[in-house]
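Reviewing the structure listed below.
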Amino acid sequence: MVKLYALNVLFKGPNNAIWLKSAYDLSAYSFFQRSSVQEFMAFVSKTIVERTQTAARQSVKEGEYMCHVYVRGDNLAGVLISDHDYPHRVSHTLITKVLDDFALSVPAASWPVGSEATISFPQLYTYLAKYQNPREADAMTKIQEELDETKIILVRDFLGVKVIVCMS
Amino acid sequence: MVTLREKQIGALKQMLNLNQPQTKTLAGEPVWKILIYDRCGQDIISPLVSIKELRELGVTLHVQLHSDRDPIPDVPAVYFCLPTEENLGRIGQDLQNNLYDTYHLNFISPISRQRLEDLAAAALQANCVSQIQKVFDQYLNFISLEDDMFILKHQNSEAISYYAINRGEIKDTEMETIMDTIVDSLFSVFATLGTVPVIRSPRGNAAEMVAEKLDKKLRENLRDTRNSLFLMDAASQSGGHFNFQRPVLIVLDRNVDMATPLHHTWTYQALAHDVLDLTLNRVVVEENVGRSPAGGAKMKTRACDLDSRDRFWMAHKGSPFPTVAEAIQEELEQYRSSEEEVKRLKASMGIDNESDAAFSMVTDNTARLTSAVNSLPQLLDKKRLIDMHTTVASAILNYIKSRRLDTLFEFEEKVMSKAANLDRSIMELLTDSDAGNPEDKMRLFLIFYICSHSVSKDELDRYATALQNAGCDLQPLSYIKRWKAYAKMAASSNQYVGGGTKTVGMFSKLVSQGSSFVMEGVKNLVIKRHNLPVTRIVDEIMEMKTSQETEDYRYFDPKQLRVTDSSQIPRNRTPFQEAIVFMVGGGNYIEYQNLVDYTKGKAGGPTSKRVIYGASTLNNAKQFLQQLSLLGQELQ
């Protein structure tokens, strides 16, 4: 069964990782396990961001979970914790998407000094909920790929006519 | 020292006496009355008051609340039920239909103001307000099975089972309801005991939540000067006995020890629960009553009550099974010799009657005859008991032999005590078709898995295949895997210290005298004295020992004005003499017996202890395994 547990955004500082925003979906766990599991996932997220190099992607297996991390060139990092069955490609697509969105909503200046309380990014929860079903993501990815392909063909064909069709 | 159970019986008898103070004098006939209960009330009353005693108290008819009842005029009716909407609706209907003469409404747990007003409105509508004699909040929402053991629910126990508390996809509101149910019952226990305990609980699980809520509830009740249940009335103390020491309530979560509920057992009561489904102190056994016309064996079911009225049971419910078998044999011989004596007496009396000359001998014989006649009811009772225990023990023995429960028990004890040498590997036992049914094998493996430090993935797969070949359901295993991973993460450790068995030489007495218990091939195992995790924790807390496990436990004292911070636990206190251990998520007789043995070990002298064992529900291994299976399925 595919399941997403956590989606976190951090900033990779020179010495340590700084929490910017987090979203958890631990309903599958028993009531009393949820807080411990959340702590554990937070710890794992922070550690893995600190251990990942800038502009790098990783997928690490940790016990029952799979941690996917992407640290961008500007040191904005996203961590997705899922179970083993969740497709890797979709997770990394999701992280990239989330970080792009985050970069647009939250100014870069606040990243090194931000914290959960000061930063507002409610879309994180929506993403986590939506992507619980990877097929949904897959469909979008497929369409995105088709769009890109079509764009390339169109641009190539109409280059002479100097007409660029925007499809979005 | 009045026990919890006795206090509950006292409260029930007072209720049945229409809440009039009971007088010692036999004032002629009691008032005849009807008792009406719901399922919860039935579970509370049935282990405590027998039908005969009900008759003695004047109850001529006892019926379920939700059944069709005919009106019976001129008779007071005693109601004993929970104040739920459903029940109150039915009571309202009864009032409307004017079924009885007067109504004594006793609610097992307190009725809320809103519902009381609704009830009053219904009574007003039915125009029978004057007929409602009394409305009582009884605070009896628990089931006493023994003097030192209670559970919260029997019927409808799924609401607060281990599964209900530990499943995923549970909403906050649902958890609140479960916790409130448990706390309400625990509050009744202490209201009945009349003491306010000091509460200790571990952190981060259901036990902590129960402890917090109970503390809050006790605190509120103590502050409510109008209505407090805990005013220590010197006059009401039995025999002027002052109990300066307060008991400690230790609330524990089932997850602290998952192996014990699955353990194969060896003591009489625990075996009865495991293989014969002992419920509310009663077992139903099948006995062979001869041949049916078709030629097969005819089986009849027989219900046997195993409770405190049974002298043999009270002496041997905690004994290992071979001891029980021997004891039954001894009782049988004693009975036979008494019977012989009565027969001789009868014969000699017969001779004396014919000759008038032996006048002096008659007086002598009369005395002997009188004593024999007086002992006749005792003898008959003894015979009945022996018969019953023979049936029960034989049924248990059949199960032991067919499923090789003795081998399984021995192996598990070794595993649980981390004995270095396991002379048979677990793989052998799993593939041995004789050793237990699939459930037994699953239990065995789960205990092995829980108690071993780490099992490599390959080994685990091999075992899983073996289990599947034996026909086991593997769902519990997936749940226990998750549980183990979580336990490692939360950094707790389970240790079973001591334990193990030693095989005493085959007892020749039974075999040579051709008894009905043929225990050949059944090992005579004696359990070495050891402490299960629960007992160890209780010991540490009662004796104020510091240990890694209990150091971090929370401390609640409802009598303190301010909420106590755990770091300020008073250290200069004397050890606790009395403890109530409550297991959230289901208890079992094995833990109970272990605690009883612990208390016996400390009996006499200044360090004597009293421990009461309570649990939200009582699960035998089969039921617990079912719950684990459901939980495992959810993980898929």
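Following the order of the structure tokens, chains are lettered A, B, ..., residues in each are numbered from 1, and ligands are numbered from 1.
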
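Near segment 13-19 of chain B, within 8 Å and counting only C-alpha atoms, sit Val31, Leu57, Val59, Val78, His104 and Asn106 of chain B, not including residues fewer than 6 positions from it in the same chain.
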
With N, CA, C and O atoms retained, could you export that selection as a short mmCIF file (atom, residue, chain, number, x, y, z; two decimals), in the first residue's frame?
```cif
data_model
loop_
_atom_site.label_atom_id
_atom_site.label_comp_id
_atom_site.auth_asym_id
_atom_site.auth_seq_id
_atom_site.Cartn_x
_atom_site.Cartn_y
_atom_site.Cartn_z
N VAL B 31 -39.01 -8.20 51.86
CA VAL B 31 -39.97 -7.64 50.92
C VAL B 31 -39.73 -8.27 49.56
O VAL B 31 -38.61 -8.27 49.05
N LEU B 57 -32.67 -12.64 49.33
CA LEU B 57 -32.86 -11.21 49.51
C LEU B 57 -34.25 -10.78 49.07
O LEU B 57 -34.58 -9.60 49.13
N VAL B 59 -35.69 -11.41 45.94
CA VAL B 59 -35.93 -11.15 44.53
C VAL B 59 -36.61 -12.37 43.92
O VAL B 59 -36.02 -13.43 43.80
N VAL B 78 -36.67 -3.04 41.30
CA VAL B 78 -35.33 -2.46 41.45
C VAL B 78 -34.66 -2.50 40.09
O VAL B 78 -34.49 -3.57 39.50
N HIS B 104 -37.39 1.68 42.04
CA HIS B 104 -36.12 2.08 42.66
C HIS B 104 -35.07 2.05 41.55
O HIS B 104 -34.69 0.99 41.09
N ASN B 106 -31.50 2.45 40.20
CA ASN B 106 -30.10 2.50 40.58
C ASN B 106 -29.24 2.55 39.34
O ASN B 106 -29.26 1.61 38.54
#
```

With only C-alpha atoms counted and 6 Å as the cut-off, give the residues of chain A in contact with chain B, each with its shortest interatomic distance in Å and the pair that gives it, as CSV.
```
residue,atom,partner,partner_atom,distance
A:Ser27,CA,B:Glu169,CA,5.0
A:Ala28,CA,B:Gly168,CA,4.5
A:Tyr29,CA,B:Gly168,CA,4.5
A:Ser30,CA,B:Gly168,CA,4.3
A:Phe32,CA,B:Asn205,CA,5.1
```

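Across the structure, atom CA of Phe624 of chain B and atom CA of Asn281 of chain B are spaced 19.2 Å apart.
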
Skip Ala123 of chain B itself and residues of its chain fewer than 6 positions away, then list as a short mmCIF file (atom, residue, chain, number, x, y, z; two decimals) with C-alpha atoms, in the first residue's frame all residues within 8 Å of it, counting only C-alpha atoms.
```cif
data_model
loop_
_atom_site.label_atom_id
_atom_site.label_comp_id
_atom_site.auth_asym_id
_atom_site.auth_seq_id
_atom_site.Cartn_x
_atom_site.Cartn_y
_atom_site.Cartn_z
CA GLY B 92 -39.77 5.84 30.44
CA LEU B 95 -43.41 4.16 33.58
CA GLN B 96 -45.87 4.92 30.83
CA VAL B 129 -43.82 10.63 39.88
#
```

Please measure the separation of atom CA of Asp38 of chain B and atom CA of Ala77 of chain B, giving the value in Å to one decimal.
-> 13.8 Å

Assign secondary structure with DSSP using the backbone only, and return the residues of segment 137-271 of chain B in alpha helix (DSSP H) as a VMD selection string.
-> chain B and resid 162 to 166 172 to 193 206 to 223 268 to 271

All residues 10 Å or closer to Leu20 of chain A, only C-alpha atoms, same chain fewer than 2 positions away omitted, as a ChimeraX atom specification = /A:8-11,17-18,22,76-78,110-121

Take the residues that were just selected and, keeping all heavy atoms, output them as a compact mmCIF listing (two decimals), in the first residue's frame.
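Dumped to selection-v2.txt:
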```txt
# COMPACT_ATOMS: atom_id res chain seq x y z
N ASN A 8 8.33 17.81 4.33
CA ASN A 8 8.97 18.90 5.10
C ASN A 8 9.82 19.77 4.21
O ASN A 8 10.47 19.30 3.28
CB ASN A 8 9.88 18.30 6.18
CG ASN A 8 9.10 17.39 7.10
OD1 ASN A 8 7.98 17.68 7.47
ND2 ASN A 8 9.70 16.27 7.45
N VAL A 9 9.84 21.06 4.56
CA VAL A 9 10.70 21.99 3.84
C VAL A 9 11.70 22.57 4.83
O VAL A 9 11.33 23.07 5.89
CB VAL A 9 9.87 23.15 3.22
CG1 VAL A 9 10.79 24.11 2.50
CG2 VAL A 9 8.81 22.60 2.29
N LEU A 10 12.99 22.47 4.47
CA LEU A 10 14.02 22.99 5.36
C LEU A 10 14.98 23.86 4.57
O LEU A 10 14.98 23.87 3.33
CB LEU A 10 14.82 21.84 5.99
CG LEU A 10 14.08 20.86 6.88
CD1 LEU A 10 13.56 19.68 6.11
CD2 LEU A 10 15.01 20.38 7.98
N PHE A 11 15.81 24.57 5.31
CA PHE A 11 16.86 25.33 4.66
C PHE A 11 18.19 24.78 5.14
O PHE A 11 18.43 24.67 6.33
CB PHE A 11 16.74 26.81 5.01
CG PHE A 11 17.80 27.66 4.38
CD1 PHE A 11 17.75 27.95 3.02
CD2 PHE A 11 18.87 28.13 5.14
CE1 PHE A 11 18.74 28.71 2.43
CE2 PHE A 11 19.87 28.90 4.55
CZ PHE A 11 19.80 29.20 3.20
N ALA A 17 20.57 22.31 9.58
CA ALA A 17 19.36 22.52 8.78
C ALA A 17 18.34 23.27 9.62
O ALA A 17 18.21 23.04 10.81
CB ALA A 17 18.78 21.18 8.36
N ILE A 18 17.63 24.18 8.96
CA ILE A 18 16.65 25.00 9.67
C ILE A 18 15.25 24.62 9.19
O ILE A 18 14.99 24.56 7.99
CB ILE A 18 16.90 26.49 9.38
CG1 ILE A 18 18.29 26.86 9.88
CG2 ILE A 18 15.86 27.36 10.07
CD1 ILE A 18 18.72 28.24 9.45
N SER A 22 6.43 22.06 7.92
CA SER A 22 6.27 20.60 7.85
C SER A 22 4.80 20.23 7.80
O SER A 22 3.94 20.96 8.30
CB SER A 22 6.91 19.95 9.07
OG SER A 22 6.30 20.45 10.23
N LEU A 76 17.67 25.41 -0.59
CA LEU A 76 16.33 25.10 -0.11
C LEU A 76 16.15 23.58 -0.24
O LEU A 76 16.42 23.01 -1.29
CB LEU A 76 15.29 25.82 -0.97
CG LEU A 76 13.86 25.73 -0.48
CD1 LEU A 76 13.70 26.41 0.87
CD2 LEU A 76 12.90 26.35 -1.49
N ALA A 77 15.70 22.95 0.83
CA ALA A 77 15.63 21.48 0.81
C ALA A 77 14.23 20.98 1.10
O ALA A 77 13.49 21.58 1.89
CB ALA A 77 16.58 20.91 1.87
N GLY A 78 13.89 19.88 0.43
CA GLY A 78 12.58 19.27 0.69
C GLY A 78 12.76 17.79 1.03
O GLY A 78 13.58 17.11 0.40
N SER A 110 13.86 35.27 3.75
CA SER A 110 13.41 34.76 5.06
C SER A 110 13.86 33.34 5.32
O SER A 110 13.68 32.82 6.40
CB SER A 110 11.90 34.85 5.17
OG SER A 110 11.32 34.20 4.06
N TRP A 111 14.48 32.69 4.32
CA TRP A 111 14.81 31.29 4.52
C TRP A 111 15.84 31.04 5.62
O TRP A 111 15.63 30.19 6.48
CB TRP A 111 15.31 30.64 3.21
CG TRP A 111 14.29 30.61 2.14
CD1 TRP A 111 12.95 30.85 2.26
CD2 TRP A 111 14.52 30.34 0.76
NE1 TRP A 111 12.33 30.75 1.04
CE2 TRP A 111 13.27 30.42 0.10
CE3 TRP A 111 15.66 30.03 0.01
CZ2 TRP A 111 13.14 30.22 -1.27
CZ3 TRP A 111 15.52 29.82 -1.35
CH2 TRP A 111 14.28 29.91 -1.98
N PRO A 112 16.96 31.76 5.63
CA PRO A 112 17.96 31.42 6.65
C PRO A 112 17.50 31.71 8.08
O PRO A 112 18.05 31.15 9.02
CB PRO A 112 19.16 32.30 6.29
CG PRO A 112 18.92 32.74 4.89
CD PRO A 112 17.44 32.82 4.73
N VAL A 113 16.52 32.59 8.21
CA VAL A 113 16.13 32.95 9.57
C VAL A 113 14.71 32.53 9.91
O VAL A 113 14.18 32.85 10.95
CB VAL A 113 16.27 34.49 9.79
CG1 VAL A 113 17.71 34.88 9.71
CG2 VAL A 113 15.43 35.24 8.78
N GLY A 114 14.09 31.83 9.01
CA GLY A 114 12.68 31.49 9.22
C GLY A 114 12.49 30.38 10.23
O GLY A 114 13.42 29.69 10.65
N SER A 115 11.22 30.19 10.62
CA SER A 115 10.84 29.06 11.48
C SER A 115 9.40 28.73 11.18
O SER A 115 8.72 29.45 10.46
CB SER A 115 11.00 29.42 12.95
OG SER A 115 10.00 30.35 13.29
N GLU A 116 8.92 27.66 11.75
CA GLU A 116 7.55 27.20 11.46
C GLU A 116 6.54 28.30 11.73
O GLU A 116 5.57 28.48 11.00
CB GLU A 116 7.22 25.99 12.34
CG GLU A 116 7.98 24.75 11.98
CD GLU A 116 7.09 23.68 11.36
OE1 GLU A 116 6.04 24.03 10.79
OE2 GLU A 116 7.46 22.52 11.43
N ALA A 117 6.76 29.02 12.78
CA ALA A 117 5.75 30.01 13.18
C ALA A 117 5.71 31.19 12.22
O ALA A 117 4.64 31.71 11.93
CB ALA A 117 6.06 30.49 14.60
N THR A 118 6.88 31.59 11.72
CA THR A 118 6.90 32.82 10.93
C THR A 118 6.52 32.59 9.47
O THR A 118 6.15 33.51 8.77
CB THR A 118 8.31 33.45 10.96
OG1 THR A 118 9.23 32.46 10.49
CG2 THR A 118 8.69 33.88 12.35
N ILE A 119 6.61 31.37 9.03
CA ILE A 119 6.39 31.13 7.60
C ILE A 119 5.01 30.52 7.38
O ILE A 119 4.59 29.62 8.10
CB ILE A 119 7.48 30.19 7.05
CG1 ILE A 119 8.82 30.91 7.17
CG2 ILE A 119 7.17 29.77 5.64
CD1 ILE A 119 9.95 30.21 6.50
N SER A 120 4.34 31.04 6.36
CA SER A 120 3.02 30.53 6.07
C SER A 120 3.03 29.84 4.71
O SER A 120 3.38 30.45 3.71
CB SER A 120 2.02 31.69 6.08
OG SER A 120 0.95 31.40 5.21
N PHE A 121 2.67 28.58 4.68
CA PHE A 121 2.66 27.85 3.42
C PHE A 121 1.64 26.71 3.52
O PHE A 121 1.98 25.54 3.61
CB PHE A 121 4.07 27.30 3.13
CG PHE A 121 4.20 26.69 1.77
CD1 PHE A 121 3.87 27.41 0.62
CD2 PHE A 121 4.67 25.40 1.62
CE1 PHE A 121 3.99 26.85 -0.63
CE2 PHE A 121 4.80 24.82 0.36
CZ PHE A 121 4.46 25.55 -0.76
```

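For Leu80 of chain A, the list of residues within 9 Å, based on only C-alpha atoms and with local chain neighbours fewer than 6 positions off taken out, reads Leu4, Tyr5, Ala6, Leu7, Asn8, Val9, Ser45, Met66, Cys67, His68, Val69, Tyr70, Ser91, His92, Leu94 and Ile95 of chain A.
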
May I ask for the distance between atom CA of Ser185 of chain B and atom CA of Phe142 of chain B, given in Å to one decimal place?
-> 5.8 Å

Check the DSSP output for the backbone and give back, as a VMD selection string, the residues of segment 6-130 of chain A in strand (DSSP E).
-> chain A and resid 6 to 12 17 to 24 56 to 62 65 to 71 76 to 83

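Of the listed residues (B:Lys317, B:Lys622, B:Arg5, B:Arg462), B:Lys317 comes nearest to Asp597 of chain B; the distances count only C-alpha atoms.
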